[in-house]
$ cat work33.txt   # compact mmCIF, C-alpha atoms and all ligand atoms
# COMPACT_ATOMS: atom_id res chain seq x y z
CA MET X 1 -141.39 12.48 1.28
CA LYS X 2 -140.16 9.37 3.10
CA ILE X 3 -139.07 6.50 0.89
CA LYS X 4 -137.34 3.13 1.29
CA ALA X 5 -134.04 2.35 -0.45
CA ALA X 6 -131.08 -0.03 -0.46
CA VAL X 7 -128.13 2.24 0.31
CA LEU X 8 -124.61 1.37 -0.80
CA ARG X 9 -122.45 2.48 2.14
CA LYS X 10 -119.58 -0.02 2.06
CA TYR X 11 -118.22 -1.81 -0.99
CA GLY X 12 -118.80 -5.55 -0.88
CA ALA X 13 -121.07 -5.46 2.18
CA PRO X 14 -124.85 -5.97 2.30
CA MET X 15 -126.77 -2.79 1.53
CA PRO X 16 -129.00 -1.74 4.44
CA ILE X 17 -132.60 -0.92 3.59
CA GLU X 18 -133.09 2.60 4.96
CA GLU X 19 -135.76 5.23 5.15
CA LEU X 20 -134.57 8.24 3.16
CA GLU X 21 -136.00 11.66 2.47
CA LEU X 22 -136.74 12.32 -1.21
CA ALA X 23 -136.88 16.03 -2.10
CA PRO X 24 -139.56 17.14 -4.58
CA PRO X 25 -138.78 17.32 -8.30
CA ARG X 26 -137.19 20.56 -9.50
CA GLU X 27 -137.45 22.16 -12.91
CA HIS X 28 -137.77 19.62 -15.75
CA GLU X 29 -137.79 16.69 -13.34
CA VAL X 30 -140.40 14.09 -12.46
CA GLN X 31 -141.03 12.22 -9.24
CA VAL X 32 -141.68 8.55 -9.83
CA LYS X 33 -142.81 5.44 -7.99
CA MET X 34 -140.68 2.46 -8.98
CA LEU X 35 -142.49 -0.50 -10.55
CA ALA X 36 -139.54 -2.76 -11.38
CA CYS X 37 -135.75 -2.61 -11.55
CA GLY X 38 -133.41 -5.21 -13.02
CA PHE X 39 -130.09 -6.15 -11.44
CA CYS X 40 -127.33 -5.62 -14.01
CA HIS X 41 -123.78 -6.84 -13.56
CA SER X 42 -122.71 -3.17 -13.51
CA ASP X 43 -124.72 -2.83 -10.27
CA LEU X 44 -122.70 -5.73 -8.88
CA SER X 45 -119.44 -4.10 -9.98
CA VAL X 46 -120.42 -0.78 -8.37
CA TRP X 47 -121.42 -2.66 -5.20
CA GLN X 48 -118.11 -4.53 -5.08
CA GLY X 49 -116.12 -1.33 -5.72
CA HIS X 50 -114.93 -2.50 -9.15
CA ILE X 51 -116.59 0.48 -10.84
CA PRO X 52 -115.77 3.41 -8.54
CA GLN X 53 -118.68 5.70 -7.73
CA ASP X 54 -119.20 8.17 -4.91
CA ILE X 55 -120.86 6.53 -1.91
CA PRO X 56 -123.22 6.50 -0.10
CA MET X 57 -125.52 6.12 -3.04
CA VAL X 58 -128.62 4.31 -4.26
CA ALA X 59 -127.81 2.24 -7.35
CA GLY X 60 -130.16 0.52 -9.82
CA HIS X 61 -130.29 1.69 -13.44
CA GLU X 62 -132.67 -0.69 -15.26
CA ALA X 63 -135.99 0.70 -14.11
CA CYS X 64 -139.61 1.07 -15.10
CA ALA X 65 -141.61 3.51 -12.98
CA VAL X 66 -144.81 5.52 -12.90
CA VAL X 67 -144.85 9.32 -12.69
CA GLU X 68 -146.42 10.64 -9.49
CA LYS X 69 -145.62 14.34 -9.66
CA VAL X 70 -144.02 16.69 -12.17
CA GLY X 71 -141.71 19.62 -11.48
CA PRO X 72 -141.99 23.10 -13.05
CA GLY X 73 -141.57 23.24 -16.82
CA VAL X 74 -142.32 19.57 -17.47
CA SER X 75 -144.34 19.34 -20.67
CA LYS X 76 -143.97 15.79 -21.98
CA LEU X 77 -145.03 13.76 -18.94
CA LYS X 78 -147.93 13.77 -16.52
CA PRO X 79 -148.84 11.84 -13.37
CA GLY X 80 -149.85 8.27 -14.23
CA ASP X 81 -147.47 7.94 -17.19
CA ARG X 82 -145.25 4.85 -17.13
CA VAL X 83 -141.62 5.59 -17.94
CA ILE X 84 -138.32 3.81 -18.55
CA GLY X 85 -135.25 5.39 -16.97
CA CYS X 86 -132.16 6.17 -19.06
CA TRP X 87 -128.82 5.97 -17.30
CA MET X 88 -127.31 8.56 -19.59
CA VAL X 89 -129.22 11.77 -20.16
CA PRO X 90 -127.65 13.63 -23.07
CA CYS X 91 -127.50 17.44 -22.99
CA GLY X 92 -127.59 17.79 -26.78
CA HIS X 93 -124.96 20.55 -26.78
CA CYS X 94 -121.56 19.16 -25.73
CA TYR X 95 -118.79 17.92 -28.04
CA GLN X 96 -119.98 14.28 -27.93
CA CYS X 97 -123.68 15.11 -28.30
CA ARG X 98 -122.98 17.36 -31.29
CA ARG X 99 -120.95 14.61 -32.93
CA GLY X 100 -123.67 11.99 -32.57
CA HIS X 101 -122.43 10.25 -29.42
CA PRO X 102 -125.05 11.22 -26.83
CA ASN X 103 -124.23 8.04 -24.89
CA LEU X 104 -120.92 9.73 -24.01
CA CYS X 105 -122.43 13.12 -23.09
CA GLU X 106 -119.67 15.12 -21.43
CA THR X 107 -122.12 17.28 -19.51
CA ALA X 108 -123.99 14.34 -17.99
CA MET X 109 -121.00 12.05 -17.34
CA PRO X 110 -119.66 13.78 -14.17
CA PHE X 111 -123.17 13.86 -12.68
CA PHE X 112 -123.60 10.18 -13.55
CA GLN X 113 -120.38 9.30 -11.75
CA ALA X 114 -121.18 11.42 -8.71
CA GLY X 115 -124.80 10.29 -8.32
CA ASN X 116 -126.30 13.70 -9.07
CA LEU X 117 -129.11 14.96 -11.25
CA LEU X 118 -128.45 17.49 -14.00
CA ASP X 119 -128.21 20.49 -11.65
CA GLY X 120 -125.31 18.78 -9.85
CA THR X 121 -127.25 17.78 -6.72
CA SER X 122 -128.98 14.65 -5.42
CA ARG X 123 -132.55 14.57 -4.11
CA LEU X 124 -131.83 12.00 -1.39
CA THR X 125 -130.82 12.50 2.24
CA ASP X 126 -130.58 10.02 5.11
CA LYS X 127 -132.00 10.23 8.63
CA HIS X 128 -129.01 12.34 9.73
CA GLY X 129 -129.70 14.85 6.96
CA LYS X 130 -126.62 13.70 5.04
CA ARG X 131 -126.60 13.53 1.25
CA VAL X 132 -127.03 10.14 -0.45
CA GLY X 133 -126.22 9.88 -4.18
CA LEU X 134 -129.00 9.23 -6.69
CA GLY X 135 -127.29 6.67 -8.93
CA SER X 136 -127.37 6.81 -12.74
CA PHE X 137 -130.15 9.47 -12.81
CA ILE X 138 -132.51 6.67 -11.68
CA ALA X 139 -131.80 5.12 -8.24
CA GLY X 140 -133.90 2.10 -9.12
CA PHE X 141 -133.13 0.38 -5.80
CA ALA X 142 -135.54 2.78 -4.09
CA THR X 143 -139.32 2.71 -3.87
CA HIS X 144 -139.47 6.26 -5.27
CA SER X 145 -137.08 8.61 -7.04
CA VAL X 146 -136.72 11.76 -9.09
CA MET X 147 -135.58 11.60 -12.72
CA PRO X 148 -134.80 14.23 -15.34
CA GLU X 149 -137.77 14.59 -17.71
CA THR X 150 -135.55 13.91 -20.71
CA GLY X 151 -134.23 10.71 -19.11
CA ALA X 152 -137.69 9.28 -18.51
CA ILE X 153 -138.99 7.66 -21.68
CA ARG X 154 -142.77 7.43 -21.79
CA VAL X 155 -144.38 4.04 -22.33
CA PRO X 156 -147.40 4.55 -24.59
CA ASP X 157 -150.73 3.13 -23.38
CA HIS X 158 -150.96 0.48 -26.11
CA ILE X 159 -147.86 -1.23 -24.71
CA LYS X 160 -149.14 -3.76 -22.20
CA LEU X 161 -145.88 -5.53 -21.31
CA PRO X 162 -145.29 -5.91 -17.55
CA PRO X 163 -142.80 -3.53 -15.89
CA GLU X 164 -140.32 -6.35 -15.18
CA GLN X 165 -139.86 -6.74 -18.93
CA LEU X 166 -140.12 -3.06 -19.84
CA CYS X 167 -137.35 -2.11 -17.44
CA GLN X 168 -134.92 -4.21 -19.51
CA LEU X 169 -135.08 -1.52 -22.19
CA GLY X 170 -133.13 0.80 -19.93
CA CYS X 171 -129.93 -1.25 -20.08
CA SER X 172 -129.72 -4.86 -21.25
CA VAL X 173 -131.91 -4.62 -24.36
CA ALA X 174 -130.55 -1.24 -25.46
CA THR X 175 -126.91 -2.18 -24.87
CA GLY X 176 -127.24 -5.60 -26.54
CA TRP X 177 -129.07 -4.09 -29.49
CA GLY X 178 -126.69 -1.19 -29.93
CA SER X 179 -123.57 -3.35 -29.77
CA VAL X 180 -124.79 -5.52 -32.61
CA VAL X 181 -126.62 -2.96 -34.72
CA ASN X 182 -124.86 0.36 -34.08
CA VAL X 183 -121.34 -0.75 -33.24
CA ALA X 184 -120.87 -3.91 -35.32
CA GLY X 185 -123.38 -2.81 -37.96
CA ALA X 186 -124.00 -6.55 -38.26
CA ARG X 187 -125.91 -7.85 -41.27
CA GLU X 188 -126.94 -11.12 -42.90
CA GLY X 189 -124.25 -13.74 -42.85
CA ASN X 190 -121.82 -11.93 -40.56
CA SER X 191 -120.04 -14.32 -38.23
CA ILE X 192 -120.34 -13.24 -34.62
CA GLY X 193 -119.36 -14.59 -31.24
CA VAL X 194 -120.69 -13.47 -27.87
CA TRP X 195 -118.66 -14.13 -24.71
CA GLY X 196 -120.94 -14.11 -21.66
CA CYS X 197 -124.58 -15.18 -21.96
CA GLY X 198 -126.00 -13.01 -19.18
CA GLY X 199 -128.54 -10.20 -19.52
CA ILE X 200 -126.42 -8.21 -21.97
CA GLY X 201 -124.98 -11.14 -23.94
CA LEU X 202 -128.39 -12.74 -24.47
CA ASN X 203 -129.71 -9.52 -25.97
CA ALA X 204 -126.66 -9.28 -28.23
CA ILE X 205 -127.30 -12.86 -29.35
CA ARG X 206 -130.99 -12.08 -29.94
CA PHE X 207 -130.25 -9.10 -32.18
CA ALA X 208 -127.53 -11.02 -34.02
CA ALA X 209 -130.17 -13.68 -34.74
CA LEU X 210 -132.71 -11.06 -35.85
CA ARG X 211 -130.05 -9.69 -38.21
CA HIS X 212 -129.51 -13.21 -39.58
CA CYS X 213 -125.87 -13.39 -38.59
CA HIS X 214 -124.27 -16.81 -39.02
CA PRO X 215 -122.76 -18.50 -37.18
CA ILE X 216 -123.67 -16.99 -33.82
CA VAL X 217 -121.32 -18.59 -31.33
CA ALA X 218 -122.23 -18.18 -27.68
CA VAL X 219 -119.42 -18.73 -25.17
CA ASP X 220 -119.99 -19.04 -21.44
CA ILE X 221 -118.02 -20.57 -18.60
CA GLU X 222 -121.24 -22.05 -17.14
CA ALA X 223 -122.89 -24.85 -19.09
CA SER X 224 -126.16 -23.90 -17.35
CA LYS X 225 -126.33 -20.87 -19.69
CA ARG X 226 -126.57 -23.05 -22.81
CA ASP X 227 -130.36 -23.40 -23.08
CA LEU X 228 -131.13 -19.68 -22.90
CA ALA X 229 -128.30 -18.88 -25.35
CA LEU X 230 -129.74 -21.31 -27.90
CA GLU X 231 -133.29 -20.09 -27.20
CA PHE X 232 -132.18 -16.52 -27.93
CA GLY X 233 -130.71 -17.57 -31.29
CA ALA X 234 -127.14 -18.81 -30.85
CA THR X 235 -126.31 -21.40 -33.48
CA HIS X 236 -123.57 -22.91 -31.29
CA PHE X 237 -122.70 -22.87 -27.60
CA ILE X 238 -119.22 -23.41 -26.18
CA ASP X 239 -118.56 -23.97 -22.49
CA ASN X 240 -115.10 -22.42 -22.25
CA SER X 241 -114.48 -24.05 -18.88
CA GLN X 242 -114.27 -27.36 -20.76
CA THR X 243 -113.44 -26.51 -24.36
CA ASP X 244 -111.01 -24.07 -25.93
CA PRO X 245 -113.34 -22.04 -28.18
CA ILE X 246 -110.66 -20.95 -30.69
CA PRO X 247 -110.23 -24.21 -32.68
CA VAL X 248 -114.00 -24.78 -32.66
CA ILE X 249 -114.63 -21.27 -33.96
CA LYS X 250 -111.89 -21.64 -36.60
CA GLU X 251 -113.54 -24.80 -37.82
CA LEU X 252 -116.99 -23.21 -37.87
CA THR X 253 -115.68 -20.31 -39.96
CA GLY X 254 -113.67 -22.23 -42.54
CA GLY X 255 -110.42 -21.55 -40.72
CA ALA X 256 -110.80 -17.77 -40.75
CA GLY X 257 -112.27 -16.72 -37.41
CA LEU X 258 -115.14 -14.39 -36.54
CA GLU X 259 -115.89 -10.99 -38.02
CA PHE X 260 -117.15 -9.76 -34.65
CA ALA X 261 -116.51 -10.99 -31.13
CA ILE X 262 -118.56 -9.30 -28.44
CA GLU X 263 -117.17 -9.53 -24.93
CA ALA X 264 -120.07 -9.13 -22.50
CA ILE X 265 -118.37 -10.16 -19.26
CA GLY X 266 -115.51 -7.81 -18.33
CA ASP X 267 -112.99 -10.61 -17.98
CA PRO X 268 -109.39 -10.22 -19.23
CA GLY X 269 -109.15 -13.94 -20.11
CA ALA X 270 -112.31 -13.79 -22.19
CA GLN X 271 -111.03 -10.64 -23.91
CA VAL X 272 -107.90 -12.54 -24.96
CA GLN X 273 -110.01 -15.44 -26.27
CA ALA X 274 -112.17 -13.01 -28.23
CA TRP X 275 -109.02 -11.44 -29.71
CA TRP X 276 -107.73 -14.80 -30.94
CA ALA X 277 -111.18 -15.76 -32.23
CA ILE X 278 -111.52 -12.89 -34.74
CA ARG X 279 -110.32 -13.10 -38.30
CA SER X 280 -108.11 -10.57 -40.04
CA GLY X 281 -110.03 -7.31 -40.29
CA GLY X 282 -112.25 -8.47 -37.42
CA THR X 283 -113.33 -6.49 -34.37
CA VAL X 284 -113.55 -7.29 -30.69
CA ILE X 285 -116.34 -5.23 -29.17
CA THR X 286 -115.90 -4.85 -25.43
CA ILE X 287 -119.11 -4.18 -23.54
CA GLY X 288 -117.99 -5.91 -20.36
CA ILE X 289 -116.48 -3.60 -17.76
CA PRO X 290 -113.53 -5.22 -15.98
CA PRO X 291 -112.47 -4.04 -12.51
CA ILE X 292 -110.76 -0.64 -12.77
CA ASP X 293 -107.34 -2.00 -11.82
CA SER X 294 -107.35 -5.00 -14.18
CA THR X 295 -105.24 -5.19 -17.33
CA THR X 296 -105.38 -7.43 -20.39
CA ASN X 297 -102.40 -8.90 -22.16
CA LEU X 298 -103.08 -8.73 -25.91
CA PRO X 299 -100.53 -9.47 -28.64
CA LEU X 300 -100.94 -6.22 -30.59
CA PHE X 301 -98.49 -7.48 -33.18
CA TYR X 302 -101.67 -8.69 -34.88
CA ALA X 303 -103.45 -5.36 -34.67
CA PRO X 304 -101.67 -3.87 -37.70
CA LEU X 305 -100.58 -7.14 -39.30
CA HIS X 306 -104.08 -8.64 -39.37
CA ALA X 307 -105.90 -5.30 -39.12
CA LYS X 308 -107.63 -6.42 -35.94
CA SER X 309 -109.54 -3.85 -33.91
CA ILE X 310 -110.77 -3.62 -30.37
CA ARG X 311 -113.62 -1.27 -29.72
CA GLY X 312 -115.20 -0.40 -26.40
CA THR X 313 -118.78 0.67 -26.29
CA LEU X 314 -120.93 2.39 -23.69
CA TYR X 315 -124.70 1.82 -23.91
CA GLY X 316 -124.14 0.37 -27.40
CA GLU X 317 -123.99 3.89 -28.88
CA THR X 318 -127.66 4.22 -28.00
CA HIS X 319 -129.39 7.56 -28.29
CA PRO X 320 -131.82 7.00 -25.41
CA THR X 321 -134.53 9.45 -26.36
CA GLU X 322 -134.46 8.51 -30.06
CA ASP X 323 -133.93 4.75 -29.87
CA LEU X 324 -135.82 3.54 -26.81
CA PRO X 325 -139.32 4.35 -28.16
CA HIS X 326 -138.57 2.29 -31.30
CA LEU X 327 -137.03 -0.58 -29.37
CA MET X 328 -140.10 -0.58 -27.12
CA GLU X 329 -142.34 -1.23 -30.12
CA VAL X 330 -140.08 -4.10 -31.21
CA MET X 331 -140.15 -5.50 -27.69
CA ASN X 332 -143.93 -5.27 -27.69
CA THR X 333 -144.13 -7.77 -30.57
CA GLY X 334 -142.53 -10.41 -28.33
CA VAL X 335 -139.72 -11.05 -30.78
CA LEU X 336 -137.06 -10.05 -28.23
CA LYS X 337 -138.20 -12.84 -25.88
CA THR X 338 -138.00 -10.57 -22.85
CA ASP X 339 -140.54 -12.88 -21.19
CA LYS X 340 -137.79 -15.53 -21.17
CA LEU X 341 -135.04 -13.03 -20.25
CA VAL X 342 -136.60 -12.27 -16.87
CA THR X 343 -136.18 -15.46 -14.87
CA ARG X 344 -136.89 -14.39 -11.30
CA LEU X 345 -138.76 -11.62 -9.50
CA ILE X 346 -137.38 -10.51 -6.17
CA ARG X 347 -138.05 -7.96 -3.44
CA LEU X 348 -135.81 -5.00 -2.62
CA GLU X 349 -134.85 -6.81 0.60
CA GLU X 350 -133.47 -9.74 -1.43
CA LEU X 351 -130.73 -7.82 -3.24
CA ASP X 352 -127.97 -9.55 -1.30
CA GLU X 353 -129.17 -12.91 -2.64
CA VAL X 354 -128.80 -11.59 -6.22
CA ARG X 355 -125.30 -10.38 -5.38
CA ARG X 356 -124.36 -13.82 -4.06
CA ALA X 357 -125.91 -15.61 -7.03
CA MET X 358 -124.33 -13.31 -9.63
CA LEU X 359 -120.91 -13.62 -8.01
CA ALA X 360 -121.39 -17.41 -8.21
CA ARG X 361 -122.51 -17.03 -11.89
CA GLU X 362 -125.82 -18.67 -11.04
CA VAL X 363 -128.08 -15.94 -12.40
CA LYS X 364 -129.64 -16.95 -15.71
CA GLY X 365 -131.03 -14.07 -17.76
CA ARG X 366 -132.13 -11.26 -15.45
CA TRP X 367 -133.44 -11.12 -11.91
CA VAL X 368 -135.67 -8.12 -11.40
CA ILE X 369 -136.99 -6.34 -8.33
CA LYS X 370 -140.77 -6.03 -8.54
CA TYR X 371 -142.20 -3.30 -6.31
CA ASP X 372 -145.66 -3.51 -4.69
N1 LIG X 401 -120.72 -1.08 -21.80
C1 LIG X 401 -121.93 -0.87 -21.30
O1 LIG X 401 -122.60 0.10 -21.62
C2 LIG X 401 -122.50 -1.87 -20.36
C3 LIG X 401 -123.87 -1.86 -20.06
C4 LIG X 401 -124.35 -2.85 -19.21
C5 LIG X 401 -123.51 -3.80 -18.67
N2 LIG X 401 -122.18 -3.75 -18.97
C6 LIG X 401 -121.24 -4.77 -18.50
O2 LIG X 401 -121.48 -5.93 -19.30
C7 LIG X 401 -121.05 -7.08 -18.57
C8 LIG X 401 -122.14 -8.13 -18.58
O3 LIG X 401 -123.25 -7.70 -17.82
P1 LIG X 401 -124.47 -8.70 -17.55
O4 LIG X 401 -125.43 -7.93 -16.73
O5 LIG X 401 -124.89 -9.35 -18.79
O6 LIG X 401 -123.71 -9.80 -16.61
P2 LIG X 401 -124.21 -11.24 -16.17
O7 LIG X 401 -123.58 -11.52 -14.86
O8 LIG X 401 -125.69 -11.32 -16.31
O9 LIG X 401 -123.58 -12.20 -17.28
C9 LIG X 401 -122.21 -12.47 -17.38
C10 LIG X 401 -122.08 -13.86 -18.00
O10 LIG X 401 -120.70 -14.13 -18.22
C11 LIG X 401 -120.42 -15.47 -17.84
N3 LIG X 401 -118.98 -15.54 -17.56
C12 LIG X 401 -118.31 -15.09 -16.48
N4 LIG X 401 -116.97 -15.27 -16.64
C13 LIG X 401 -116.81 -15.84 -17.86
C14 LIG X 401 -115.67 -16.26 -18.61
N5 LIG X 401 -114.43 -16.10 -18.15
N6 LIG X 401 -115.87 -16.81 -19.83
C15 LIG X 401 -117.12 -16.98 -20.33
N7 LIG X 401 -118.24 -16.59 -19.66
C16 LIG X 401 -118.09 -16.02 -18.44
C17 LIG X 401 -121.34 -15.73 -16.66
O11 LIG X 401 -121.57 -17.12 -16.48
C18 LIG X 401 -122.60 -14.99 -17.12
O12 LIG X 401 -123.46 -15.83 -17.85
C19 LIG X 401 -120.66 -6.56 -17.19
O13 LIG X 401 -119.26 -6.33 -17.16
C20 LIG X 401 -121.39 -5.24 -17.10
O14 LIG X 401 -120.80 -4.35 -16.18
C21 LIG X 401 -121.66 -2.80 -19.79
ZN ZN X 402 -126.62 -2.12 -16.93
ZN ZN X 403 -123.91 16.27 -24.15
$ encode --input "work33.txt" --output "structure tokens"
Amino acid sequence: MKIKAAVLRKYGAPMPIEELELAPPREHEVQVKMLACGFCHSDLSVWQGHIPQDIPMVAGHEACAVVEKVGPGVSKLKPGDRVIGCWMVPCGHCYQCRRGHPNLCETAMPFFQAGNLLDGTSRLTDKHGKRVGLGSFIAGFATHSVMPETGAIRVPDHIKLPPEQLCQLGCSVATGWGSVVNVAGAREGNSIGVWGCGGIGLNAIRFAALRHCHPIVAVDIEASKRDLALEFGATHFIDNSQTDPIPVIKELTGGAGLEFAIEAIGDPGAQVQAWWAIRSGGTVITIGIPPIDSTTNLPLFYAPLHAKSIRGTLYGETHPTEDLPHLMEVMNTGVLKTDKLVTRLIRLEELDEVRRAMLAREVKGRWVIKYD
């Protein structure tokens, strides 16, 4: 069928909206109509060429959609079901899946990077009949797509949240949650700092607040991010364009430093600040994905001497099929404040405006494409 999509053809250049051909779903796949798709900073980094992916491709990995058609063998979904897309679709059998790290599935990872579904092919072609990658098993910047059945998490009927909030489960909510709960294992009274109060950082702050961490220090280079950070549960906000956060954090923690510092930007300077902000035995958790060629200068003298750790995390160690249904129920109570997270609804044609605004650090919370 003919669909409309924003196609990434040239890094750093506007994405043309093109008519593409979407092939029907194959075995254990579903064809969906997109309802909403958030714009994550990872989409920006792919667009700018900072996270290398095969192009041309259709990006967009924070999507809520409705099933239109099911392929052979699909048993868990039917037309009319609302679903959330997962950008990692674990196989259940590889080394990482068997060891409890389905977010790192070694079977799915090469397909993820190449823009293919689980049989190693895309379902998208352009008007010249040339292949276009289907990004992150979702291609949320398209009016329609095909997803693996296992990567499409059903939204039960009793959940009435709008798609622009539900789509946040696919990346920002899950990653923020997992970083605090799975990776840090944060609990009452843990001191925690979050660098970067965007879509991911705000969710990390929210879950730190729900876990009764204290203090929860939000750090952002834009003072305009203060209100949302405090709304989501930060006990303190530091604008690091004006104030060096390290002495403030030392004072807030009785001279010791933080137990956990979450870096949700992908900025080498912020990573260094986070490193100096943790106490002995503390951990820097890096969610932010810096450009592939960037390096960070850390004094690792303190790694053994103060037993400091740095830990990267992908998808916050989320197990999409197990965790997303539970997180959806939590979201449905309103406690995650996803109504405040989504600050602007846009059209597919307005993606370049989001790119400009995110590069200028003007985006507060999440901007989300809402489809007709
Ligand atoms: N590891 C994962 O699984 C995963 C998942 C999703 C996103 N990410 C990455 O997480 C990062 C954050 O994504 P997002 O969508 O929340 O981004 P965002 O653009 O919404 O937010 C980034 C925030 O950082 C702030 N900022 C920028 N430079 C700063 C600096 N030097 N010091 C302090 N604050 C600064 C910006 O003002 C903004 O508020 C990105 O690198 C993204 O690629 C990783
Ligand atoms: Zn994302
Ligand atoms: Zn696997």
$ residues_near_ligand --input "work33.txt" --ligand "ligand ZN 402 (chain X)" --cutoff "7 Å" --atoms "only C-alpha atoms and all ligand atoms" --output "list in words"
Cys40, His41, Ser42, Asp43, His61, Glu62, Cys171 and Ser172 of chain X
$ write_last_selection --input "work33.txt" --atoms "C-alpha atoms" --output "compact mmCIF listing (two decimals), keeping the file's coordinate frame"
# COMPACT_ATOMS: atom_id res chain seq x y z
CA CYS X 40 -127.33 -5.62 -14.01
CA HIS X 41 -123.78 -6.84 -13.56
CA SER X 42 -122.71 -3.17 -13.51
CA ASP X 43 -124.72 -2.83 -10.27
CA HIS X 61 -130.29 1.69 -13.44
CA GLU X 62 -132.67 -0.69 -15.26
CA CYS X 171 -129.93 -1.25 -20.08
CA SER X 172 -129.72 -4.86 -21.25
$ atom_distance --input "work33.txt" --atom1 "CA of Ile265 in chain X" --atom2 "CA of Thr333 in chain X"
28.2 Å
$ residues_around --input "work33.txt" --residues "Leu298 in chain X" --least-positions-apart "6" --cutoff "12 Å" --atoms "all atoms listed in the file" --output "list in words"
Pro268, Gly269, Ala270, Gln271, Val272, Gln273, Ala274, Trp275, Trp276, Val284, Lys308, Ser309 and Ile310 of chain X
$ closest_residue --input "work33.txt" --among "X:Ala360, X:Gly255, X:Leu348, X:Thr321" --to "Met15 in chain X" --atoms "all atoms listed in the file"
X:Leu348
$ residues_near_point --input "work33.txt" --point "(-112.7, -26.5, -20.1)" --cutoff "12 Å" --atoms "all atoms listed in the file" --output "compact mmCIF listing (two decimals) with C-alpha atoms, in the frame of the given file"
# COMPACT_ATOMS: atom_id res chain seq x y z
CA VAL X 219 -119.42 -18.73 -25.17
CA ASP X 220 -119.99 -19.04 -21.44
CA ILE X 221 -118.02 -20.57 -18.60
CA GLU X 222 -121.24 -22.05 -17.14
CA ALA X 223 -122.89 -24.85 -19.09
CA ILE X 238 -119.22 -23.41 -26.18
CA ASP X 239 -118.56 -23.97 -22.49
CA ASN X 240 -115.10 -22.42 -22.25
CA SER X 241 -114.48 -24.05 -18.88
CA GLN X 242 -114.27 -27.36 -20.76
CA THR X 243 -113.44 -26.51 -24.36
CA ASP X 244 -111.01 -24.07 -25.93
CA PRO X 245 -113.34 -22.04 -28.18
$ atom_distance --input "work33.txt" --atom1 "CA of Leu228 in chain X" --atom2 "CA of Gly198 in chain X"
9.2 Å
$ residues_around --input "work33.txt" --residues "Val30 in chain X" --least-positions-apart "3" --cutoff "9 Å" --atoms "all atoms listed in the file" --output "list in words"
Pro24, Pro25, Arg26, Glu27, Val67, Glu68, Lys69, Val70, Gly71, Val74, Leu77, Lys78, Pro79, Ser145, Val146, Met147, Pro148, Glu149 and Ala152 of chain X
$ residues_near_ligand --input "work33.txt" --ligand "ligand ZN 403 (chain X)" --cutoff "7 Å" --atoms "only C-alpha atoms and all ligand atoms" --output "JSON, numbers by chain"
{"X": [90, 91, 92, 93, 94, 95, 96, 97, 102, 105, 106, 107, 108]}
$ atom_distance --input "work33.txt" --atom1 "CA of Gly288 in chain X" --atom2 "atom O4 of ligand LIG 401 (chain X)"
8.5 Å
$ axis_aligned_box --input "work33.txt" --around "ligand LIG 401 (chain X)" --padding-each-side "6 Å" --output "lines of an AutoDock Vina configuration file"
center_x = -120.1
center_y = -8.5
center_z = -18.3
size_x = 23.3
size_y = 29.2
size_z = 18.9
$ closest_residue --input "work33.txt" --among "X:Arg211, X:His50, X:Arg9, X:Arg344" --to "ligand LIG 401 (chain X)" --atoms "all atoms listed in the file"
X:His50
$ closest_residue --input "work33.txt" --among "X:Gly135, X:Pro162, X:Pro156, X:Gly185" --to "Trp47 in chain X" --atoms "all atoms listed in the file"
X:Gly135
